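The next block holds one structure in the form of structure tokens; read it before the comments.
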Amino acid sequence: MHMSDGLINAPVSVIFAGVAVAGLAAALVGARRDLDDRTAPMAGLVAAFVFATQMLNFPILPGVSGHLLGGALAAILVGPWVGALCVGIVLAVQALVFADGGLTALGANVTNMALIGVAAGFGTAMLLRPLAARGRTGLMIVCFVAAFVNTVVASAGFILQFALGGDAAFSLGAVAGSVLGLHCLIGIGEGVITALTVGAVAAARPDLVHLLRGRSAPLELRDAPVATPKESTA
């Protein structure tokens, strides 16, 4: 979700701008370990895909728009550090070039989508990683759940920011209900798109999916073996 200028007050905006800068700085350090000849081109493709999907948005509240986030997709394909940088760069370009999201709210938007959303999506995917290693269907289920969690948790970050520095004229309960309810629906769509996209990449090049690569050795994207009846002995 994108927030416009003035939706949260200046002190809260400054606080989350600092959080965003610190988080992206940490991601930049972590990304140095993950970037290689395979990850770098994929990161560019992921950023372009996230940029395109985020440009399709619709209003939720005055000054707030809803759209696909892409954090879980990015983290699953290129890792959480590079994924956070991809989403952060996309948000900065949208705010600076296309006026999509306010400049004073950029820190809050980056915190929600590039930091909180990516962390929640990738954390969920890691918890379900054994299922992803069982086959393409398992991987797609993991991607769907991770993308759904990413979307809902990122929207909860906005609710926290609004509670800290939002306009008191709006009821926090009404804002929370609208944002969470609509982002549950968005999460379903994001889950489907993430599952189909990652599933297609894994079918052709499973080595390009960060989630399927272990620190020491890559995971195998295998199907569960089919049990065969044992021969009876007389």
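Going by the structure tokens order, chains are called A, B, ..., each with residues numbered from 1, while ligands are numbered from 1 in the order shown.
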Please give the complete set of residues from stretch 47-197 of chain A that DSSP, run on the backbone, assigns to alpha helix (DSSP H), formatted as a ChimeraX atom specification. /A:47-54,71-78,80-97,106-110,118-127,129-132,136-165,172-197
Within 8 Å of stretch 184-198 of chain A, which residues of stretch 41-116 of chain A show up? Give each one with its shortest atom-to-atom distance in Å (one decimal) and the two atoms involved, counting only C-alpha atoms, rows by chain then rising residue number, as a tab-separated table.
```
residue	atom	partner	partner_atom	distance
A:Gly66	CA	A:Ile186	CA	7.9
A:His67	CA	A:Ile186	CA	7.0
A:Leu68	CA	A:Glu190	CA	5.9
A:Leu69	CA	A:Glu190	CA	7.6
A:Gly70	CA	A:Glu190	CA	7.5
A:Ala72	CA	A:Thr194	CA	7.7
A:Leu73	CA	A:Thr194	CA	5.5
A:Ile76	CA	A:Val198	CA	7.9
A:Leu77	CA	A:Val198	CA	7.2
```
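Shortest separation to A:Leu103 among A:Leu91, A:Ala27, A:Ala74, A:Ala47 occurs at residue A:Leu91, atoms counted being only C-alpha atoms.
Proximity of A:Leu35, A:Gly18, A:Ser4, A:Leu212 to A:Gly135, computed with only C-alpha atoms, is greatest for A:Leu212.
Note that the spacing between atom CA of A:Val50 and atom CA of A:Ala176 amounts to 25.1 Å.
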Skipping near chain neighbours, those fewer than 2 positions away, what residues fall within 8 Å of stretch 202-208 of chain A using only C-alpha atoms, listed as a PyMOL selection string? chain A and resi 38-39+42+77-78+136+198-200+210+212-213+218+221
